[in-house]
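Participant: Here it is, the structure in full.
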Amino acid sequence: MTRTAERWISLAVFVGLILFWQLLSRIYTAEIIPGVPLVPGWDVLVSRTFLSMADYWGGGLGVASVGEGAERSYAAAALSVVTHSWDTLLRLYVGLAIGAIGGTALGLAISWSVWSRRLIGLPMQLIQGLPLLAMVPLFQLWFGTYFIGKIAFIGYGVGVLFVAGTLNAVRNVPQIYIDNALTLGASKLEVYRTIIIPAIFPELRATILLSLGVAWATVIGAEYLGAQSGLGYILVYSQQYGYVDRMFFVALLFIVYASISYAVFNRVSARLTRWVPRASAPARVA
Amino acid sequence: MASDTSMIDGTTAVLPSRPRAADQRGVTVWATLRSFRIDIFGAIGLVLLVVFWWGLTFVVPRSSLPSPLNVFRRIADDFVVADMLSYYGLPETGLMGSMAYTAANVLIAVVVGGLIGTVLGLFAARVPVARAISDPILNTVGTIPILVMAPFFLIWFGTGRWSAVLLVTVYVLVILYLFAQRAAENLDPVYESSARTFGAGTGDILRDILIPGTLPQVLGGIRIALAGAWGLEAIAELLGAQQGIGKIIEVLAGSLDIEGIFAALLVLGIVAVIADWIAGALVRYVTRWSVSARVGTT
Amino acid sequence: MTDSSQGKPNDITFTDVTRTFVRGDGQEVTAVDGVSAHIREGEFVCLVGPSGCGKTTLLQMVSGLLPTSGGAITVGAKQVTGPGPDRGVVFQKDSVFPWFRVIDNVEYGMKRRGVPAAERRDIANRYLELVSLSHVARAWPKELSGGMLKRVAIATVFANGSDVLLLDEPFAALDYVTKHQLHDVLLDLWRSTDAPRRTILFVTHDVDESLLLADRIIVIRDGRLVDDIAIDATRPRDVDTLTRPDMMTVKHKLLAHLGLEHGSRRSAAS
């Protein structure tokens with residue numbers, strides 16, 4: 001079987017699943033609550049369900065909210081989807097950036113001395129072992145439901161990963177590079193600047209991709225359990241009322257955004273590390 | 001020992017000079033046990049962490065950060081039965097019992113998800129048609145943050161044990177599918193060819209080549225999946241469950257009991273770390289033949 | 001084994017053997033092109049040729065790992081249709097299973113054939129002794145060097161009692177000294193085993209290696225059999241054997257086939 005044949009089968013499976021869903025929605029018309037089908041077809045999702053997103057529009061920009069007594073409108077629905085997506089994505093990427101930068105900096109600082117490296121070993125294992133998603137309520141108690149709380153939580157999750165990843169990457173820098181620089185008269189700071197930081201980049205590739213998964217999980221977890229906005233908030237809110245169609249709609253948005261983020265991250269990290277010989281690029285990302 | 005020393009290359013030095021099989025086995029077991037040892041620096045680091053935490057309690061208000069001593073005392077008090085929680089009508093209030101419930105769910109999910117994921121992954125790696133069918137589905141599921149599925153499972157399967165178990169199972173399954181598939185693809189085809197020249201059939205190849213050859217990477221995947229499974233199980237219980245450590249945390253969060261949350265989180269974290277150690281030691285022992293398995297280095 | 005005219009148990013007959021591949025761009029490539037030859041029982045034959053000439057493809061077809069596109073290969077009285085324990089293979093890459101201990105590797109073929117446990121352990125131990133590896137019988141393969149792993153692979157195919165041994169550039173990745181030690185190991189095993197002697201097909205691109213080992217050298221180029229040279233020298237052979245005038249003539253001939261002779265093409269023609 002050739003590669004192209006495989007591609008066609010894969011595409012056919014995709015199309016088949018989409019069509020199967022539509023067919024199922026026609027055959028299985030049970031409703032979980034009046035007006036909400038248990039299996040919402042694509043036609044329902046893009047019309048009625050999309051329109052119902054207007055319920056989550058808070059008003060403004062000349063488009064009145066449902067809460068203010070206005071009818072559901074496509075304008076309000078579109079604005080609602082855009083603003084809630086914006087909230088989620090902003091939390092995700094700001095948290096990711098803060099965690100990545102802070103974690104790498106902390107990791108480099110710890111790796112500076114043999115003593116700190118050794119001392120941090122076991123505590124780091126324990127901190128990494130603390131199940132991140134179970135800590136949502138803790139961050140909520142600390143920061144309330146504000147933006148800063150979400151950022152802190154995502155940043156913490158991503159940061160822990162980057163500290164561990166950086167420590168590991170620094171340990172894996174071939175000693176010969178460092179020795180070479182030292183014999184050429186480089187100071188420790190210069191070794192960090194010119195050898196270690198460039199050398200850990202390809203090693204961190206795995207961490208970067210892993211951290212994206214962690215960031216998605218944490219932003220959703222945080223929005224489930226204490227947020228007034230964002231896609232996760234809509235998802236859990238809809239679940240409490242049994243609006244399966246709205247849940248599907250939001251889940252699809254999540255799938256699209258997550259797929260795009262993975263594709264972009266893959267592309268960017270491949271570009272950043274393109275000088276790395278293939279064989280030494282570690283391929284151990286799940 | 002060898003009759004002809006000129007024939008023995010440098011690597012022989014790696015081997016202990018005792019050819020007795022029993023002795024070699026003894027060495028391996030001892031090295032595995034030794035990998036459990038906690039180095040002195042790690043212990044000091046751990047003490048420093050607790051001291052740092054204790055120091056912070058003088059700066060941060062007690063309502064935000066309980067002192068370590070209080071948290072340890074709380075764990076001891078609530079370990080078997082937590083009187084404070086008995087008002088909430090929970091079937092199990094003790095940290096130990098709740099933890100056991102959560103751990104059982106994680107174990108079921110890791111075993112079931114691990115088995116199904118591995119079988120699918122190996123199958124997909126060897127049968128191109130199966131791969132073409134399963135890849136788009138599982139890769140899509142792989143990019144979906146698994147947590148998105150939690151509300152759906154709650155609606156479909158209720159707040160009992162099984163919606164949490166199913167969520168974690170799907171997560172483990174996807175990871176193991178990817179790991180097993182990659183492991184099978186990375187396995188040098190020379191082993192399979194070699195086995196076939198000895199007359200091995202499909203079943204023999206599966207048992208003697210594919211399964212042992214992919215085991216190190218599959219078990220590595222299990223370990224990674226296990227690490228993530230605890231948090232996922234806990235948040236599934238937070239979102240809707242009758243018991244478990246996540247349920248306890250949810251109840252405690254409702255009454256703003258930060259000391260209790262710390263106690264529950266700490267118990268969960270310690271169990272997760274110990275589970276990882278045990279899994280790591282098991283993996284090292286089972287795959288002690290593997291070049292990448294460095295026995296005795298922590 | 002019914003018809004003695006068409007082969008003793010261990011001989012190999014190639015009848016117009018052809019193999020084509022379809023390249024990635026859709027082009028059809030002929031790797032082996034109408035090879036016919038007969039290799040007698042107990043003969044040590046080297047297949048020599050430049051890389052990419054089709055010698056490994058030919059060997060893989062004898063092993064049954066690769067089907068022929070045309071023609072037939074017969075081992076003994078049986079036409080080759082797939083891999084089987086009657087033809088043992090030593091691969092260029094390390095094929096010793098890392099997840100079995102050394103002794104279990106040597107026993108593997110016998111286990112597949114259903115040899116009782118005690119018997120196969122005895123046989124495996126005997127062959128490990130013959131390749132001087134008794135002391136690592138219970139070691140893991142990762143604890144062995146490349147040369148030792150080759151010994152394990154050789155012990156495994158000999159212990160399995162295959163009538164025909166197929167070796168695909170087995171020593172190409174080894175250093176000079178180890179390679180020569182392994183030549184001795186291989187020849188000793190081949191010559192010491194009880195009659196009937198096993199037939200060996202040995203693929204190499206190393207001219208000296210073929211001259212040291214073979215009874216007969218078959219040269220393959222561009223998928224065709226271009227020369228078939230009998231080597232008339234007694235064993236054991238050494239550096240001096242290789243410098244004998246008749247051996248030098250053969251060497252020049254082989255080098256010419258490999259495209260390595262520049263000024264002295266006449267010796268190849270003689």
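Residue numbering restarts at 1 for every chain of the structure tokens, chains are lettered A, B, ... in their displayed order, and ligands are numbered from 1 as they appear.
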Extract, using only C-alpha atoms, all DNA, RNA and protein residues at most 7 Å from stretch 47-50 of chain A, discarding same-chain residues fewer than 5 positions from it, and format them as a VMD selection string.
Facilitator: chain A and resid 77 245 to 246
Participant: Emit the selected residues as a short mmCIF file (atom, residue, chain, number, x, y, z; two decimals), in the first residue's frame, including C-alpha atoms.
Facilitator:
```
data_model
loop_
_atom_site.label_atom_id
_atom_site.label_comp_id
_atom_site.auth_asym_id
_atom_site.auth_seq_id
_atom_site.Cartn_x
_atom_site.Cartn_y
_atom_site.Cartn_z
CA ALA A 77 -23.68 34.85 18.72
CA ASP A 245 -25.64 20.61 21.32
CA ARG A 246 -23.87 23.60 22.86
#
```
Participant: Which polymer residues have any atom within 7 Å of an atom of stretch 216-223 of chain B, counting only C-alpha atoms, with same-chain residues fewer than 4 positions away left out, as a short mmCIF file (atom, residue, chain, number, x, y, z; two decimals) with C-alpha atoms, in the first residue's frame?
Facilitator:
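Result saved to selection-v6.cif:
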```
data_model
loop_
_atom_site.label_atom_id
_atom_site.label_comp_id
_atom_site.auth_asym_id
_atom_site.auth_seq_id
_atom_site.Cartn_x
_atom_site.Cartn_y
_atom_site.Cartn_z
CA GLY B 114 -2.79 0.53 28.32
CA ILE B 175 -0.78 7.77 24.71
CA LEU B 176 -0.12 4.05 24.52
CA PHE B 179 3.97 4.88 21.96
CA ALA B 180 3.31 1.31 20.84
CA ALA B 183 8.00 1.46 19.17
CA ALA B 227 1.85 10.43 35.90
CA ASP B 276 5.98 6.35 39.84
CA ALA B 279 6.59 1.66 38.22
CA VAL B 283 10.21 -1.11 34.27
CA THR B 287 13.67 -4.22 30.55
#
```
Participant: Restricting the calculation to only C-alpha atoms: of B:Gly228, B:Gly203, B:Gly160, B:Gly94, which residue gets closest to B:Ala264?
Facilitator: B:Gly94
Participant: Of the residues B:Gly260, B:Gly121, B:Gly158, B:Pro145, which is the one nearest to chain A, using only C-alpha atoms?
Facilitator: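 Checking each of B:Gly260, B:Gly121, B:Gly158, B:Pro145 against chain A, counting only C-alpha atoms, the winner is B:Pro145.
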Participant: Each residue of chain C with at least one atom at most 12 Å from chain A should appear once, together with its nearest atom pair and the corresponding distance in Å (one decimal); atoms considered: only C-alpha atoms; ordering: chain, then increasing residue number; output as CSV.
Facilitator:
```
residue,atom,partner,partner_atom,distance
C:Val22,CA,A:Thr2,CA,11.5
C:Arg23,CA,A:Thr2,CA,11.6
C:Gly24,CA,A:Thr2,CA,9.4
C:Asp25,CA,A:Thr2,CA,11.5
C:Gly26,CA,A:Thr2,CA,11.1
```
Participant: The selected residues should be written to file as a CSV table (one decimal), in the first residue's frame (atoms: N, CA and C atoms).
Facilitator:
```
chain,number,residue,atom,x,y,z
C,22,VAL,N,10.0,-1.9,-7.8
C,22,VAL,CA,9.4,-0.6,-8.3
C,22,VAL,C,9.9,0.5,-7.3
C,23,ARG,N,10.6,1.4,-7.9
C,23,ARG,CA,11.2,2.5,-7.1
C,23,ARG,C,10.1,3.5,-6.7
C,24,GLY,N,10.4,4.4,-5.8
C,24,GLY,CA,9.4,5.4,-5.3
C,24,GLY,C,8.8,6.2,-6.4
C,25,ASP,N,9.6,6.5,-7.5
C,25,ASP,CA,9.1,7.3,-8.6
C,25,ASP,C,8.4,6.5,-9.6
C,26,GLY,N,8.1,5.2,-9.4
C,26,GLY,CA,7.4,4.4,-10.3
C,26,GLY,C,8.2,3.7,-11.3
```
Participant: Between B:Thr93, B:Thr214, B:Ser290, B:Ser98, single out the one closest to B:Asn186, counting only C-alpha atoms.
Facilitator: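 Checking each candidate against B:Asn186, we get B:Thr214 as the closest.
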Participant: Tell me which of B:Val50, B:Val273, B:Ile245, B:Ala195 sits closest to B:Ile261, counting only C-alpha atoms.
Facilitator: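 Distance minimum relative to B:Ile261 lands on B:Ile245.
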Participant: Restrict the calculation to only C-alpha atoms, then for each residue of chain C with any atom at most 10 Å from an atom of chain B give the closest atom pair and their distance in Å to one decimal, rows by chain and rising residue number, as a Markdown table.
Facilitator:
```
| residue | atom | partner | partner_atom | distance |
| --- | --- | --- | --- | --- |
| C:Gln60 | CA | B:Ser193 | CA | 10.0 |
| C:Ser63 | CA | B:Thr197 | CA | 7.0 |
| C:Gly64 | CA | B:Thr197 | CA | 8.0 |
| C:Leu65 | CA | B:Ser193 | CA | 6.9 |
| C:Gly82 | CA | B:Thr197 | CA | 8.6 |
| C:Pro83 | CA | B:Thr197 | CA | 4.9 |
| C:Gly84 | CA | B:Gly199 | CA | 4.9 |
| C:Pro85 | CA | B:Phe198 | CA | 4.7 |
| C:Asp86 | CA | B:Phe198 | CA | 8.4 |
| C:Arg87 | CA | B:Thr197 | CA | 7.1 |
| C:Gly88 | CA | B:Thr197 | CA | 6.3 |
| C:Val89 | CA | B:Thr197 | CA | 6.6 |
| C:Val90 | CA | B:Ser194 | CA | 8.1 |
| C:Phe91 | CA | B:Val190 | CA | 7.6 |
| C:Gln92 | CA | B:Val190 | CA | 9.2 |
| C:Lys93 | CA | B:Val190 | CA | 7.2 |
| C:Asp94 | CA | B:Val190 | CA | 7.8 |
| C:Ser95 | CA | B:Tyr191 | CA | 5.5 |
| C:Val96 | CA | B:Tyr191 | CA | 7.5 |
| C:Phe97 | CA | B:Tyr191 | CA | 6.6 |
| C:Pro98 | CA | B:Trp289 | CA | 6.3 |
| C:Trp99 | CA | B:Trp289 | CA | 5.5 |
| C:Phe100 | CA | B:Trp289 | CA | 7.7 |
| C:Arg101 | CA | B:Trp289 | CA | 8.2 |
| C:Tyr108 | CA | B:Phe198 | CA | 7.7 |
| C:Gly109 | CA | B:Phe198 | CA | 4.9 |
| C:Met110 | CA | B:Phe198 | CA | 8.2 |
| C:Lys111 | CA | B:Phe198 | CA | 9.3 |
| C:Arg112 | CA | B:Ala200 | CA | 6.5 |
| C:Arg113 | CA | B:Gly199 | CA | 7.6 |
| C:Glu129 | CA | B:Ala2 | CA | 8.9 |
| C:Val131 | CA | B:Met7 | CA | 9.7 |
| C:Ser132 | CA | B:Ala2 | CA | 6.1 |
| C:Leu133 | CA | B:Ala2 | CA | 6.9 |
| C:Ser134 | CA | B:Ala2 | CA | 7.2 |
| C:His135 | CA | B:Pro19 | CA | 5.6 |
| C:Val136 | CA | B:Pro19 | CA | 6.9 |
| C:Ala137 | CA | B:Pro19 | CA | 8.2 |
| C:Arg138 | CA | B:Ala21 | CA | 6.0 |
| C:Ala139 | CA | B:Leu15 | CA | 8.0 |
| C:Trp140 | CA | B:Trp289 | CA | 5.8 |
| C:Pro141 | CA | B:Trp289 | CA | 7.4 |
| C:Lys142 | CA | B:Val291 | CA | 6.0 |
| C:Glu143 | CA | B:Val14 | CA | 6.7 |
| C:Leu144 | CA | B:Thr11 | CA | 6.1 |
| C:Ser145 | CA | B:Thr11 | CA | 5.8 |
| C:Gly146 | CA | B:Asp9 | CA | 9.2 |
| C:Gly147 | CA | B:Asp9 | CA | 8.0 |
| C:Met148 | CA | B:Ile8 | CA | 8.0 |
| C:Ala153 | CA | B:Ser194 | CA | 9.9 |
| C:Thr156 | CA | B:Phe198 | CA | 9.7 |
| C:Val157 | CA | B:Phe198 | CA | 8.6 |
| C:Asn160 | CA | B:Phe198 | CA | 8.2 |
| C:Ser162 | CA | B:Phe198 | CA | 9.3 |
| C:Val177 | CA | B:Met7 | CA | 9.4 |
| C:Thr178 | CA | B:Met7 | CA | 7.8 |
| C:Gln181 | CA | B:Met7 | CA | 7.2 |
| C:Leu182 | CA | B:Met7 | CA | 9.3 |
```
Participant: Considering only C-alpha atoms, can you say which of C:Asp246, C:Asp163, C:Asp238, C:Asp228 comes closest to C:His183?
Facilitator: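 That would be C:Asp238, the residue with the smallest distance to C:His183.
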Participant: Fewer than 4 positions away in the same chain doesn't count, so skip those; otherwise give me all residues within 8 Å of stretch 173-175 of chain A, counting only C-alpha atoms, as number ranges by chain.
Facilitator: A: 169, 179, 196, 199-200
Participant: Considering only C-alpha atoms, can you say which of A:Glu6, A:Asp87, A:Glu68, A:Glu31 comes closest to chain B?
Facilitator: A:Glu6
Participant: What's the separation between atom CA of A:Gly107 and atom CA of A:Tyr177, in Å to one decimal place?
Facilitator: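 Separation of atom CA of A:Gly107 and atom CA of A:Tyr177: 19.8 Å.
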